[in-house]
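J.: Handing you this structure, nothing more for now.
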Amino acid sequence: MTTAAVKRTKTPADGGGPAGGTPTLAERAAAVARVAEQDLARTERDAVFPEQALAEMRRTGLLGLLVPAADGGLGGTVADLVDVSMILGRTDMSVAMIFAMHCQQSEAIVRHAQSPLREELLPLLASGDLYLASVTTELGKGGHLFRSYAPLREADGTLEIDRTAPIVTGGTVADGFLITMRSPEATADHHVSLVYAHRRQLRVESAGQWCPMGMRASHSLPLTLTGSVPAHQVLGEHGAFHRIAQGVFGPLAHLGWSAAWLGTACGALSRVLHLLRDPKVRKRFDLGSELFLTRLSRSRQRLDGVHALLRRTQELVAGETDLSAPGVQLLLNNLKITAAEECHAAVNDLVDAVGLRHGYLQDSPTRLEKSLRDLRSAALNYSNDRLHLADGQLCLLDPDVNFA
């Protein structure tokens with residue numbers, strides 16, 4: 001990525017803390033995690049959006065993480081996005097994913113919104129007054145991100161929006177939406193525009209219930225959005241979504257999601273290890289068992305592998321690299337695939353290691369049961385199968401097998 005928001009190596013919070021009077025980024029993230037922890041039982045039980053955690057993201061300024069400091073934001077980096085997502089994931093994967101996806105949307109605005117939309121939205125993002133939801137799913141397109149069948153009609157300087165999406169994370173509480181639709185002059189379904197809409201500009205109707213296996217606090221209900229917005233609220237230009245997705249949506253999604261998943265698995269391993277070190281509990285486990293120790297080792301091995309791949313990809317995205325190159329696209333896709341598979345497998349190893357009481361029951365302090373359910377969604381969140389098909393085609397473009 002080439003924007004200042006991504007290339008910066010430090011945020012204003014890096015030198016802060018109690019002595020400087022400004023909280024560090026880790027302290028901001030920890031404050032959100034504490035609120036999420038306090039509300040975790042309710043959001044998990046009732047499958048409701050974590051509004052208290054969102055309020056703390058607003059208060060701490062984390063919703064403006066990737067907004068340049070010159071525009072009032074924290075001027076954060078890709079590394080900051082990864083770090084915060086991992087911290088939040090240790091407590092609740094839903095909260096981490098909500099944060100990571102908002103940052104993905106905000107970076108699209110930073111990089112592609114034009115005047116006067118940019119001047120209107122950046123202060124709102126920086127102040128925490130604009131939580132963004134993504135509207136990219138669509139019935140009938142089978143997960144093809146670069147297609148849209150819903151026509152965007154332009155007339156008299158306005159864009160008419162009539163859009164139904166089967167899954168919109170946080171859509172019932174979002175302040176604004178980034179919506180993919182078929183461009184006004186499109187001659188094919190892959191001519192897609194990305195449009196911003198304030199909540200007050202739309203009629204937002206939800207349908208159905210949200211009762212998933214995991215990711216219960218993401219509250220990803222189906223929505224129908226209807227209304228009209230000024231023509232200048234298209235990001236970039238009409239038909240430019242493919243470029244936005246390749247340069248922003250895809251890279252930040254794969255980095256943010258993978259960080260959230262890794263944080264969730266790290267939190268699970270940490271809770272298990274603290275349990276095993278508790279003198280009151282550890283006598284119940286055979287800590288000398290070779291099978292037991294091997295399962296702990298395999299879990300840690302998987303997480304170290306994901307962490308190394310995540311940091312390598314993070315460095316690549318933060319640099320001047322051409323993200324459209326086959327080797328880079330393969331790395332980005334393989335980060336997502338690997339993180340989804342290995343983080344889930346690492347927690348499954350822990351379930352086998354500690355057994356029924358602390359691996360399967362909901363009331364265990366390890367929360368392995370919740371972590372396993374949440375991480376089962378990772379391979380389905382933009383399907384690993386679809387990414388493997390794309391990677392197979394990309395492999396044919398790199399016969400010399402060059403690594404990014």
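Going by the structure tokens order, chains are called A, B, ..., each with residues numbered from 1, while ligands are numbered from 1 in the order shown.
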What lies within 12 Å of stretch 284-294 of chain A using only C-alpha atoms, ignoring chain neighbours under 3 positions off, as a list in words?
T.: Val272, Leu273, Leu275, Leu276, Arg277, Asp278, Pro279, Lys280, Val281, Ser297, Arg298, Ser299, Arg300, Gln301, Ala346, Asp349, Leu350, Val351, Asp352, Ala353, Val354, Gly355, Arg357 and His358 of chain A
J.: Per residue of stretch 45-138 of chain A within 6 Å of stretch 218-225 of chain A, record the nearest atom pair and its distance in Å to one decimal, counting only C-alpha atoms, with rows in chain order and ascending residue number, as a tab-separated table.
T.:
residue	atom	partner	partner_atom	distance
A:Val48	CA	A:His219	CA	5.8
A:Phe49	CA	A:His219	CA	5.3
A:Ser94	CA	A:Ser218	CA	5.1
J.: Go through A:Val192, A:Ala325, A:Glu341, A:Val204 and flag the residue nearest A:Gly227, using only C-alpha atoms for the distances.
T.: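 So, comparing all the options, the nearest one is A:Val204.
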J.: Counting only C-alpha atoms, which residue out of A:Ile337, A:Ala308, A:Ala108, A:Met97 sits closest to A:Asp385?
T.: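 The closest residue to A:Asp385 is A:Ile337.
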J.: Measuring between only C-alpha atoms, which one of A:Glu154, A:Asp391, A:Asp83, A:Asp363 shows the shortest distance to A:Leu335?
T.: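 Looking only at the distances to A:Leu335, the closest residue turns out to be A:Asp391.
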J.: Out of stretch 69-298 of chain A, which residues get strand (DSSP E or B) from DSSP, as a ChimeraX atom specification?
T.: /A:132-135,151,153-155,158-165,176-182,192-198,202-206,223-230,234
J.: Since we have the selection now, will you write its residues out, keeping N, CA and C atoms, as a compact mmCIF listing (two decimals), in the first residue's frame?
T.:
# COMPACT_ATOMS: atom_id res chain seq x y z
N LEU A 132 -18.52 1.89 10.33
CA LEU A 132 -18.85 1.50 8.97
C LEU A 132 -19.19 0.01 8.87
N ALA A 133 -20.21 -0.30 8.08
CA ALA A 133 -20.55 -1.68 7.76
C ALA A 133 -20.35 -1.90 6.27
N SER A 134 -19.98 -3.10 5.91
CA SER A 134 -19.71 -3.47 4.53
C SER A 134 -20.90 -4.23 3.95
N VAL A 135 -21.34 -3.81 2.77
CA VAL A 135 -22.45 -4.48 2.08
C VAL A 135 -21.92 -5.00 0.74
N PRO A 151 -28.62 -3.12 -9.75
CA PRO A 151 -28.23 -1.96 -10.56
C PRO A 151 -28.22 -0.68 -9.75
N ARG A 153 -28.65 3.15 -10.15
CA ARG A 153 -29.23 4.06 -11.13
C ARG A 153 -28.86 5.50 -10.78
N GLU A 154 -28.44 6.23 -11.80
CA GLU A 154 -28.01 7.62 -11.62
C GLU A 154 -28.95 8.54 -12.39
N ALA A 155 -29.45 9.57 -11.70
CA ALA A 155 -30.35 10.53 -12.34
C ALA A 155 -30.36 11.83 -11.55
N THR A 158 -28.07 12.25 -8.49
CA THR A 158 -28.21 11.34 -7.35
C THR A 158 -28.05 9.90 -7.80
N LEU A 159 -27.73 9.04 -6.85
CA LEU A 159 -27.62 7.60 -7.08
C LEU A 159 -28.72 6.90 -6.29
N GLU A 160 -29.51 6.10 -6.98
CA GLU A 160 -30.61 5.38 -6.34
C GLU A 160 -30.13 4.00 -5.87
N ILE A 161 -30.31 3.74 -4.59
CA ILE A 161 -29.86 2.49 -3.98
C ILE A 161 -31.05 1.62 -3.62
N ASP A 162 -31.03 0.40 -4.11
CA ASP A 162 -32.01 -0.62 -3.73
C ASP A 162 -31.24 -1.93 -3.67
N ARG A 163 -30.85 -2.31 -2.48
CA ARG A 163 -29.86 -3.38 -2.33
C ARG A 163 -30.24 -4.30 -1.18
N THR A 164 -30.25 -5.60 -1.45
CA THR A 164 -30.48 -6.60 -0.42
C THR A 164 -29.22 -7.42 -0.26
N ALA A 165 -28.82 -7.65 0.99
CA ALA A 165 -27.63 -8.45 1.27
C ALA A 165 -27.97 -9.48 2.33
N GLY A 176 -22.79 4.24 8.88
CA GLY A 176 -22.67 4.40 7.44
C GLY A 176 -22.35 3.07 6.79
N PHE A 177 -22.53 3.00 5.48
CA PHE A 177 -22.37 1.75 4.74
C PHE A 177 -21.54 1.99 3.49
N LEU A 178 -20.67 1.03 3.17
CA LEU A 178 -20.03 0.97 1.86
C LEU A 178 -20.67 -0.19 1.11
N ILE A 179 -21.25 0.13 -0.05
CA ILE A 179 -22.15 -0.79 -0.75
C ILE A 179 -21.64 -1.04 -2.16
N THR A 180 -21.53 -2.30 -2.56
CA THR A 180 -21.19 -2.63 -3.94
C THR A 180 -22.47 -2.79 -4.75
N MET A 181 -22.46 -2.18 -5.96
CA MET A 181 -23.60 -2.29 -6.87
C MET A 181 -23.10 -2.24 -8.31
N ARG A 182 -23.92 -2.75 -9.21
CA ARG A 182 -23.59 -2.73 -10.65
C ARG A 182 -23.60 -1.28 -11.13
N VAL A 192 -18.47 -2.98 -11.34
CA VAL A 192 -19.04 -2.74 -10.02
C VAL A 192 -18.52 -1.44 -9.43
N SER A 193 -19.43 -0.68 -8.82
CA SER A 193 -19.07 0.56 -8.12
C SER A 193 -19.20 0.36 -6.62
N LEU A 194 -18.43 1.15 -5.87
CA LEU A 194 -18.52 1.15 -4.42
C LEU A 194 -19.06 2.51 -3.99
N VAL A 195 -20.19 2.49 -3.29
CA VAL A 195 -20.91 3.71 -2.93
C VAL A 195 -21.01 3.83 -1.42
N TYR A 196 -20.82 5.04 -0.91
CA TYR A 196 -21.01 5.30 0.51
C TYR A 196 -22.41 5.86 0.74
N ALA A 197 -23.02 5.46 1.85
CA ALA A 197 -24.32 6.02 2.23
C ALA A 197 -24.38 6.21 3.74
N HIS A 198 -24.79 7.40 4.20
CA HIS A 198 -25.09 7.61 5.61
C HIS A 198 -26.34 6.82 5.97
N LEU A 202 -30.78 6.36 4.11
CA LEU A 202 -31.34 5.07 3.72
C LEU A 202 -32.50 4.66 4.61
N ARG A 203 -33.32 3.81 4.05
CA ARG A 203 -34.25 3.03 4.84
C ARG A 203 -33.61 1.66 5.03
N VAL A 204 -33.34 1.30 6.29
CA VAL A 204 -32.63 0.06 6.60
C VAL A 204 -33.61 -0.91 7.24
N GLU A 205 -33.84 -2.03 6.58
CA GLU A 205 -34.78 -3.04 7.07
C GLU A 205 -34.04 -4.36 7.24
N SER A 206 -34.18 -4.96 8.41
CA SER A 206 -33.56 -6.26 8.66
C SER A 206 -34.62 -7.35 8.62
N LEU A 223 -29.99 -7.60 5.36
CA LEU A 223 -30.54 -6.25 5.32
C LEU A 223 -31.01 -5.89 3.93
N THR A 224 -32.02 -5.03 3.88
CA THR A 224 -32.42 -4.37 2.64
C THR A 224 -32.22 -2.87 2.83
N LEU A 225 -31.48 -2.25 1.92
CA LEU A 225 -31.16 -0.83 1.99
C LEU A 225 -31.77 -0.12 0.78
N THR A 226 -32.57 0.88 1.02
CA THR A 226 -33.15 1.66 -0.07
C THR A 226 -33.02 3.14 0.24
N GLY A 227 -32.78 3.93 -0.79
CA GLY A 227 -32.65 5.37 -0.61
C GLY A 227 -31.88 5.98 -1.76
N SER A 228 -31.49 7.23 -1.62
CA SER A 228 -30.71 7.92 -2.64
C SER A 228 -29.63 8.75 -1.98
N VAL A 229 -28.50 8.87 -2.69
CA VAL A 229 -27.36 9.64 -2.18
C VAL A 229 -26.86 10.53 -3.30
N PRO A 230 -26.17 11.62 -2.96
CA PRO A 230 -25.57 12.46 -4.01
C PRO A 230 -24.57 11.67 -4.85
N VAL A 234 -19.79 8.13 -4.64
CA VAL A 234 -19.13 6.95 -5.17
C VAL A 234 -17.65 7.06 -4.85
J.: Assign secondary structure with DSSP using the backbone only, and return the residues of stretch 129-330 of chain A in alpha helix (DSSP H) as an MDAnalysis selection string.
T.: chainID A and resid 241:244 250:276 290:318 326:330
J.: So which one's closest to A:Glu119, A:Arg59, A:Gln233, A:Glu51, A:Gln209? Using only C-alpha atoms, please.
T.: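 Residue with the minimum atom-to-atom distance to A:Glu119: A:Gln233.
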J.: Kindly indicate which residue among A:Ser258, A:Asn333, A:Thr187, A:Gln246 lies nearest to A:Phe146, using only C-alpha atoms for the distances.
T.: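 Among the listed residues, the smallest separation from A:Phe146 belongs to A:Gln246.
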J.: Pick out the residues sitting within 8 Å of A:Ala33, and hand them over as a PyMOL selection string; count only C-alpha atoms, and ignore anything fewer than 2 positions along from it in its own chain.
T.: chain A and resi 29-31+35-37+53+87-88+91-92
J.: Keeping only N, CA, C and O atoms, write those residues as a compact mmCIF listing (two decimals), in the first residue's frame.
T.:
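Contents of selection_14.txt, freshly written:
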# COMPACT_ATOMS: atom_id res chain seq x y z
N ALA A 29 -6.43 -0.60 23.09
CA ALA A 29 -6.98 -1.91 22.75
C ALA A 29 -7.36 -2.69 24.01
O ALA A 29 -8.40 -3.37 24.05
N ALA A 30 -6.53 -2.59 25.05
CA ALA A 30 -6.83 -3.28 26.30
C ALA A 30 -8.11 -2.76 26.93
O ALA A 30 -8.88 -3.53 27.53
N ALA A 31 -8.36 -1.47 26.80
CA ALA A 31 -9.60 -0.90 27.36
C ALA A 31 -10.82 -1.48 26.65
O ALA A 31 -11.82 -1.81 27.30
N VAL A 35 -13.86 -4.10 28.29
CA VAL A 35 -15.31 -3.90 28.16
C VAL A 35 -15.94 -5.11 27.48
O VAL A 35 -17.01 -5.58 27.89
N ALA A 36 -15.28 -5.62 26.45
CA ALA A 36 -15.80 -6.81 25.76
C ALA A 36 -15.88 -8.00 26.70
O ALA A 36 -16.85 -8.78 26.66
N GLU A 37 -14.87 -8.16 27.55
CA GLU A 37 -14.86 -9.27 28.51
C GLU A 37 -16.03 -9.16 29.48
O GLU A 37 -16.70 -10.16 29.78
N ALA A 53 -18.65 -2.55 23.63
CA ALA A 53 -17.29 -2.59 23.08
C ALA A 53 -17.14 -1.57 21.95
O ALA A 53 -16.10 -0.90 21.84
N ILE A 87 -5.04 -8.38 19.82
CA ILE A 87 -5.39 -8.14 21.22
C ILE A 87 -6.88 -8.37 21.45
O ILE A 87 -7.28 -9.03 22.42
N LEU A 88 -7.71 -7.83 20.58
CA LEU A 88 -9.15 -7.99 20.74
C LEU A 88 -9.58 -9.44 20.54
O LEU A 88 -10.48 -9.93 21.22
N THR A 91 -9.86 -11.89 23.47
CA THR A 91 -11.06 -11.84 24.30
C THR A 91 -12.29 -12.33 23.55
O THR A 91 -13.03 -13.17 24.03
N ASP A 92 -12.52 -11.77 22.35
CA ASP A 92 -13.72 -12.14 21.59
C ASP A 92 -13.44 -11.95 20.10
O ASP A 92 -13.17 -10.84 19.65
J.: Could you check the closest approach to A:Gly64 for each of A:Ala126, A:Leu397, A:Leu323, A:Leu375 and tell me which residue wins, using only C-alpha atoms?
T.: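 Checking each of A:Ala126, A:Leu397, A:Leu323, A:Leu375 against A:Gly64, counting only C-alpha atoms, the winner is A:Ala126.
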J.: Which residues are close to A:Gly256, i.e. within 6 Å by only C-alpha atoms, leaving aside same-chain residues fewer than 4 positions away? Reply as a PyMOL selection string.
T.: chain A and resi 82+100+252
J.: Just to be explicit: take each residue in the selection above, keep C-alpha atoms, and write the result as a PDB file, in the first residue's frame.
T.:
ATOM      1  CA  VAL A  82      -2.722  -6.414  13.079  1.00  0.00           C
ATOM      2  CA  ALA A 100     -10.818  -5.246  11.495  1.00  0.00           C
ATOM      3  CA  LEU A 252      -6.637  -5.611   4.757  1.00  0.00           C
TER       4      LEU A 252
END
J.: For a test of reading the model, state the distance in Å between atom CA of A:Gln201 and atom CA of A:His144, rounded to one decimal.
T.: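 Between atom CA of A:Gln201 and atom CA of A:His144 the gap is 27.1 Å.
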